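Here the structure is laid out as structure tokens; the discussion comes afterwards.
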2 protein chains.
Amino acid sequence: MKIQHQRLYEQVISYIQENIDKNIFKIGEKLPTERSLAEQLNVSRGTLRDAFRVLESKKIIETRPGGGRILLKAIDSIISVEDDILVELKNSKMLDLIEARELLEVGMCALVCTRITDEEIQEIEDLLQRQKEENDFSSSSYFHLALAAACDNHVLENFIKLNMQLIKEVRDQNFINKNHQSQAFEEHLELLNAIKERDILKSEQAVRRHFINMRERLQF
Amino acid sequence: MKIQHQRLYEQVISYIQENIDKNIFKIGEKLPTERSLAEQLNVSRGTLRDAFRVLESKKIIETRPGGGRILLKAIDSIISVEDDILVELKNSKMLDLIEARELLEVGMCALVCTRITDEEIQEIEDLLQRQKEENDFSSSSYFHLALAAACDNHVLENFIKLNMQLIKEVRDQNFINKNHQSQAFEEHLELLNAIKERDILKSEQAVRRHFINMRERLQF
DNA sequence: AATACATAATTGGTCTATCCAATTATCCAA
DNA sequence: TTGGATAATTGGATAGACCAATTATGTATT
């Protein structure tokens with residue numbers, strides 16, 4: 001028998017949830033201050049802050065040091081219909097995943113070429129340099145993630161992250177894992193050079209070549 | 001200008017993440033105790049607990065009162081858990097969503113053109129015909145969904161579905177978000193002030209800013 | 001009366017110290 | 001060797017204090 005004693009801070013989260021439901025705490029407005037809420041609920045500031053930290057990490061509240069906390073949205077909107085789509089996606093075929101990924105990254109190229117900063121290019125170059133020096137090509141993901149970040153579109157970036165994760169899951173399921181990581185590294189270099197020239201066409205072609213090879217390696 | 005000072009507990013999370021990456025903290029094993037880690041990092045127990053609470057809410061660690069904390073899985077420095085990606089996506093800007101959507105659909109075109117069947121073309125034609133007859137153009141989604149289905153790639157199809165849903169949610173969210181309403185009010189004030197100063201340039205800039213924000217809010 | 005600026009109060013961030021309860025380790029006796 | 005009482009450890013929670021950023025207040029200047 002395992003009785004799960006609910007910690008105080010979890011009860012506090014429930015309390016806040018109720019108050020949102022009852023429209024006592026209104027979206028867009030300030031929540032009561034730490035001190036007043038703590039007194040009202042008869043808990044310590046620390047416990048209350050435990051609850052706030054969790055809500056903060058879920059982007060439900062925003063904390064402004066010195067300026068109170070703001071309720072951004074209701075808690076229950078976290079979970080919803082999207083779960084179905086996720087289930088569908090988790091049952092995807094590897095080929096579809098790769099095809100989608102290629103489409104995303106090819107399309108992303110134009111955005112990256114126009115928006116990437118010199119600093120970001122430098123960072124990516126450093127990243128590749130480190131991989132070369134340490135002879136560690138195990139994490140080609142970092143390169144793709146860096147590019148995704150440089151396109152300055154959080155939706156695209158997260159779509160690519162999602163795709164990455166799905167590929168990983170599907171691959172793990174199928175026990176496919178090969179080590180052709182250094183080849184990917186060469187291809188990364190080639191792509192970065194094209195981007196440095198701000199050459200959309202060349203960079204897109206580099207991506208296409210990269211994906212042809214990655215497809216064979218099943219290594220993204 | 002918005003410089004986001006990173007709170008201590010966020011740095012602690014990064015530290016823990018690094019130690020997981022370096023395999024110093026191993027999955028399935030206990031983490032250092034609160035007191036020892038706090039001393040090691042030179043932070044208070046409370047700050048450390050802030051970090052642990054967040055990791056706990058993400059199911060990365062399990063806390064056993066009196067029995068230490070266990071590392072359940074890696075934070076996955078590369079890709080966060082799908083839930084986190086969803087949370088991120090739900091906080092997307094409308095412009096990013098639309099840009100990503102355009103990218104998806106543009107890229108999808110080639111696939112559709114090569115894979116769509118005559119029957120599918122006929123169905124979509126019928127769909128448009130019905131909309132025309134019934135003079136109901138409220139559901140343009142069906143057209144896009146039909147195309148997505150015709151590309152014969154379930155990943156792409158579900159990405160587009162996800163994008164659609166996100167657009168809907170973000171729109172709804174912003175509509176009821178008084179925070180943004182008050183933000184619009186602030187922008188009105190700013191514009192009026194510029195006009196009061198008879199400052200043409202400043203007022204024009206205020207208008208531009210206002211419209212950029214309104215586009216993101218989809219509130220006109 | 002309106003504005004600007006210095007000042008005070010508020011609020012979250014963080015630390016220290018303390019006590020409690022559950023768990024875990026220890027040790028002695030049967 | 002085994003059981004169980006005891007001690008030590010560990011997380012849960014609180015109280016009080018101080019700092020820095022923000023916000024509110026009030027006063028002086030124009």
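Residues are referred to by chain and number: the chain letter is A, B, ... according to the order shown in the structure tokens, the number counts from 1 in that chain, and ligands are numbered separately from 1 in the order shown.
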9 Å contacts from chain B to chain A using only C-alpha atoms, as a compact mmCIF listing (two decimals) with C-alpha atoms, in the first residue's frame:
```txt
# COMPACT_ATOMS: atom_id res chain seq x y z
CA GLY B 46 15.57 26.98 -0.58
CA ARG B 49 14.56 23.27 -3.78
CA ASP B 50 13.14 25.77 -6.28
CA ALA B 51 15.16 23.99 -8.94
CA ARG B 53 10.51 21.46 -7.69
CA VAL B 54 10.65 22.37 -11.37
CA LEU B 55 12.51 19.19 -12.28
CA GLU B 56 10.03 17.26 -10.19
CA SER B 57 7.06 18.73 -12.00
CA LYS B 58 8.65 17.64 -15.25
CA ILE B 78 19.21 18.62 -26.81
CA ILE B 79 15.52 18.08 -26.88
CA SER B 80 13.20 18.66 -24.01
CA VAL B 81 10.37 16.36 -23.29
CA GLU B 82 7.50 16.56 -25.71
CA ASP B 84 7.81 21.07 -22.90
CA ILE B 85 7.80 21.44 -26.65
CA LEU B 86 4.04 21.67 -26.57
CA VAL B 87 4.16 24.28 -23.85
CA GLU B 88 6.63 26.24 -25.92
CA LEU B 89 4.48 25.91 -29.02
CA LYS B 90 1.40 27.09 -27.16
CA ASN B 91 3.24 30.29 -26.37
CA SER B 92 4.15 30.95 -29.96
CA LYS B 93 3.69 34.20 -31.72
CA LEU B 95 3.53 35.48 -36.97
CA ASP B 96 5.80 32.53 -36.35
CA LEU B 97 2.89 30.15 -36.63
CA GLU B 99 5.34 31.64 -41.29
CA ALA B 100 5.85 28.02 -40.33
CA ARG B 101 2.54 27.10 -41.85
CA LEU B 103 6.73 26.92 -45.16
CA LEU B 104 5.00 23.62 -44.55
CA VAL B 106 4.84 25.42 -49.81
CA GLY B 107 7.08 22.45 -49.26
CA MET B 108 4.14 20.13 -49.34
CA ASP B 152 0.65 11.07 -48.24
CA ASN B 153 2.94 11.85 -45.36
CA HIS B 154 1.34 11.45 -41.96
CA VAL B 155 4.01 13.46 -40.21
CA LEU B 156 3.49 16.47 -42.43
CA ASN B 158 -0.12 16.06 -38.42
CA PHE B 159 2.31 18.93 -38.27
CA LYS B 161 -3.00 19.86 -38.02
CA LEU B 162 -0.96 20.83 -35.01
CA ASN B 163 -0.18 24.18 -36.53
CA GLN B 165 -4.82 23.98 -33.70
CA LEU B 166 -2.11 26.20 -32.32
CA GLN B 173 -5.90 33.02 -25.87
CA ILE B 176 -9.49 36.80 -23.81
CA ASN B 177 -6.17 38.04 -22.60
CA LYS B 178 -6.79 41.33 -20.92
CA ASN B 179 -3.10 41.71 -20.56
CA HIS B 180 -2.97 42.36 -24.26
CA SER B 182 -4.25 46.74 -21.62
```
Could you go through chain A and tell me which residues DSSP, when run on the backbone, assigns to helix (DSSP H, G or I), listing them as an MDAnalysis selection string?
chainID A and resid 8:21 34:41 45:57 76:78 82:90 94:115 118:133 141:150 154:174 181:196 200:217
When you count only C-alpha atoms (C1' of nucleotides), which of these residues is closest to chain B: D:DA28, D:DC19, D:DA7, D:DA13?
D:DA13
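Using only C-alpha atoms (C1' of nucleotides), one finds that the residues of chain D close to chain A, at 10 Å or less, are DG12, DA13, DT14, DA15, DA20, DA21, DT22 and DT23 of chain D.
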Based on only C-alpha atoms (C1' of nucleotides), which of the residues in chain C come within 7 Å of chain B? I want them as an mmCIF file with all heavy atoms, in the first residue's frame.
```cif
data_model
loop_
_atom_site.group_PDB
_atom_site.id
_atom_site.type_symbol
_atom_site.label_atom_id
_atom_site.label_comp_id
_atom_site.auth_asym_id
_atom_site.auth_seq_id
_atom_site.Cartn_x
_atom_site.Cartn_y
_atom_site.Cartn_z
ATOM 1 P P DC C 15 21.204 31.921 -2.152
ATOM 2 O OP1 DC C 15 22.600 31.773 -2.610
ATOM 3 O OP2 DC C 15 20.236 30.837 -2.350
ATOM 4 O "O5'" DC C 15 21.254 32.283 -0.607
ATOM 5 C "C5'" DC C 15 21.982 33.428 -0.182
ATOM 6 C "C4'" DC C 15 21.861 33.588 1.322
ATOM 7 O "O4'" DC C 15 20.496 33.945 1.642
ATOM 8 C "C3'" DC C 15 22.173 32.310 2.102
ATOM 9 O "O3'" DC C 15 23.297 32.508 2.941
ATOM 10 C "C2'" DC C 15 20.913 32.014 2.911
ATOM 11 C "C1'" DC C 15 20.117 33.301 2.843
ATOM 12 N N1 DC C 15 18.655 33.045 2.768
ATOM 13 C C2 DC C 15 17.839 33.470 3.817
ATOM 14 O O2 DC C 15 18.356 34.036 4.787
ATOM 15 N N3 DC C 15 16.511 33.225 3.743
ATOM 16 C C4 DC C 15 15.999 32.604 2.691
ATOM 17 N N4 DC C 15 14.689 32.389 2.651
ATOM 18 C C5 DC C 15 16.820 32.161 1.604
ATOM 19 C C6 DC C 15 18.137 32.406 1.684
ATOM 20 P P DA C 22 5.401 10.889 9.109
ATOM 21 O OP1 DA C 22 4.037 11.021 8.581
ATOM 22 O OP2 DA C 22 5.654 10.240 10.424
ATOM 23 O "O5'" DA C 22 6.290 10.123 8.028
ATOM 24 C "C5'" DA C 22 6.509 10.745 6.771
ATOM 25 C "C4'" DA C 22 7.821 10.279 6.190
ATOM 26 O "O4'" DA C 22 8.904 10.822 6.998
ATOM 27 C "C3'" DA C 22 8.023 8.764 6.185
ATOM 28 O "O3'" DA C 22 8.232 8.337 4.858
ATOM 29 C "C2'" DA C 22 9.249 8.523 7.075
ATOM 30 C "C1'" DA C 22 9.939 9.872 7.073
ATOM 31 N N9 DA C 22 10.684 10.181 8.294
ATOM 32 C C8 DA C 22 10.192 10.295 9.554
ATOM 33 N N7 DA C 22 11.107 10.596 10.464
ATOM 34 C C5 DA C 22 12.272 10.689 9.729
ATOM 35 C C6 DA C 22 13.600 10.985 10.103
ATOM 36 N N6 DA C 22 13.976 11.254 11.365
ATOM 37 N N1 DA C 22 14.530 10.994 9.130
ATOM 38 C C2 DA C 22 14.149 10.735 7.877
ATOM 39 N N3 DA C 22 12.934 10.443 7.392
ATOM 40 C C4 DA C 22 12.038 10.439 8.393
ATOM 41 P P DT C 23 8.461 6.747 4.557
ATOM 42 O OP1 DT C 23 7.935 6.508 3.203
ATOM 43 O OP2 DT C 23 7.984 5.960 5.712
ATOM 44 O "O5'" DT C 23 10.047 6.633 4.495
ATOM 45 C "C5'" DT C 23 10.771 7.528 3.670
ATOM 46 C "C4'" DT C 23 12.254 7.403 3.941
ATOM 47 O "O4'" DT C 23 12.539 7.810 5.302
ATOM 48 C "C3'" DT C 23 12.830 5.994 3.797
ATOM 49 O "O3'" DT C 23 13.811 6.032 2.779
ATOM 50 C "C2'" DT C 23 13.412 5.669 5.172
ATOM 51 C "C1'" DT C 23 13.631 7.055 5.763
ATOM 52 N N1 DT C 23 13.621 7.152 7.255
ATOM 53 C C2 DT C 23 14.785 7.503 7.904
ATOM 54 O O2 DT C 23 15.830 7.726 7.322
ATOM 55 N N3 DT C 23 14.661 7.590 9.280
ATOM 56 C C4 DT C 23 13.526 7.363 10.030
ATOM 57 O O4 DT C 23 13.543 7.480 11.253
ATOM 58 C C5 DT C 23 12.351 7.002 9.281
ATOM 59 C C7 DT C 23 11.071 6.747 10.009
ATOM 60 C C6 DT C 23 12.451 6.919 7.941
#
```
Between atom CA of A:Ile20 and atom CA of B:Ile167, what is the distance, to one decimal in Å?
23.6 Å
Run DSSP on the backbone and grab whatever in chain A lands in strand (DSSP E); send it over as a VMD selection string.
chain A and resid 61 to 64 68 to 71
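The environment of C:DA30 within 12 Å, counting only C-alpha atoms (C1' of nucleotides) and disregarding residues fewer than 6 places along the same chain, consists of DT1, DT2, DG3 and DG4 of chain D.
Between atom CA of A:Arg209 and atom CA of A:Thr117 the separation is 24.5 Å.
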Excluding D:DT27 and any residue of its chain fewer than 4 positions from it, enumerate the residues within 10 Å of it, using only C-alpha atoms (C1' of nucleotides), and give them as a PDB file with C-alpha atoms (C1' of nucleotides), in the first residue's frame.
```pdb
ATOM      1  C1'  DC C   5      12.750  64.151  -8.898  1.00  0.00           C
ATOM      2  C1'  DA C   6      14.109  62.342  -4.498  1.00  0.00           C
ATOM      3  C1'  DT C   7      12.280  59.278  -0.973  1.00  0.00           C
TER       4       DT C   7
END
```
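When atom CA of B:Gln129 is paired with atom CA of B:Ala146, their separation reads 14.1 Å.
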Residues within 10 Å of A:Gln11, only C-alpha atoms (C1' of nucleotides), excluding chain neighbours under 5 positions, as a list in words:
Gln6, Ile16, Gln17, Leu48 and Ala51 of chain A
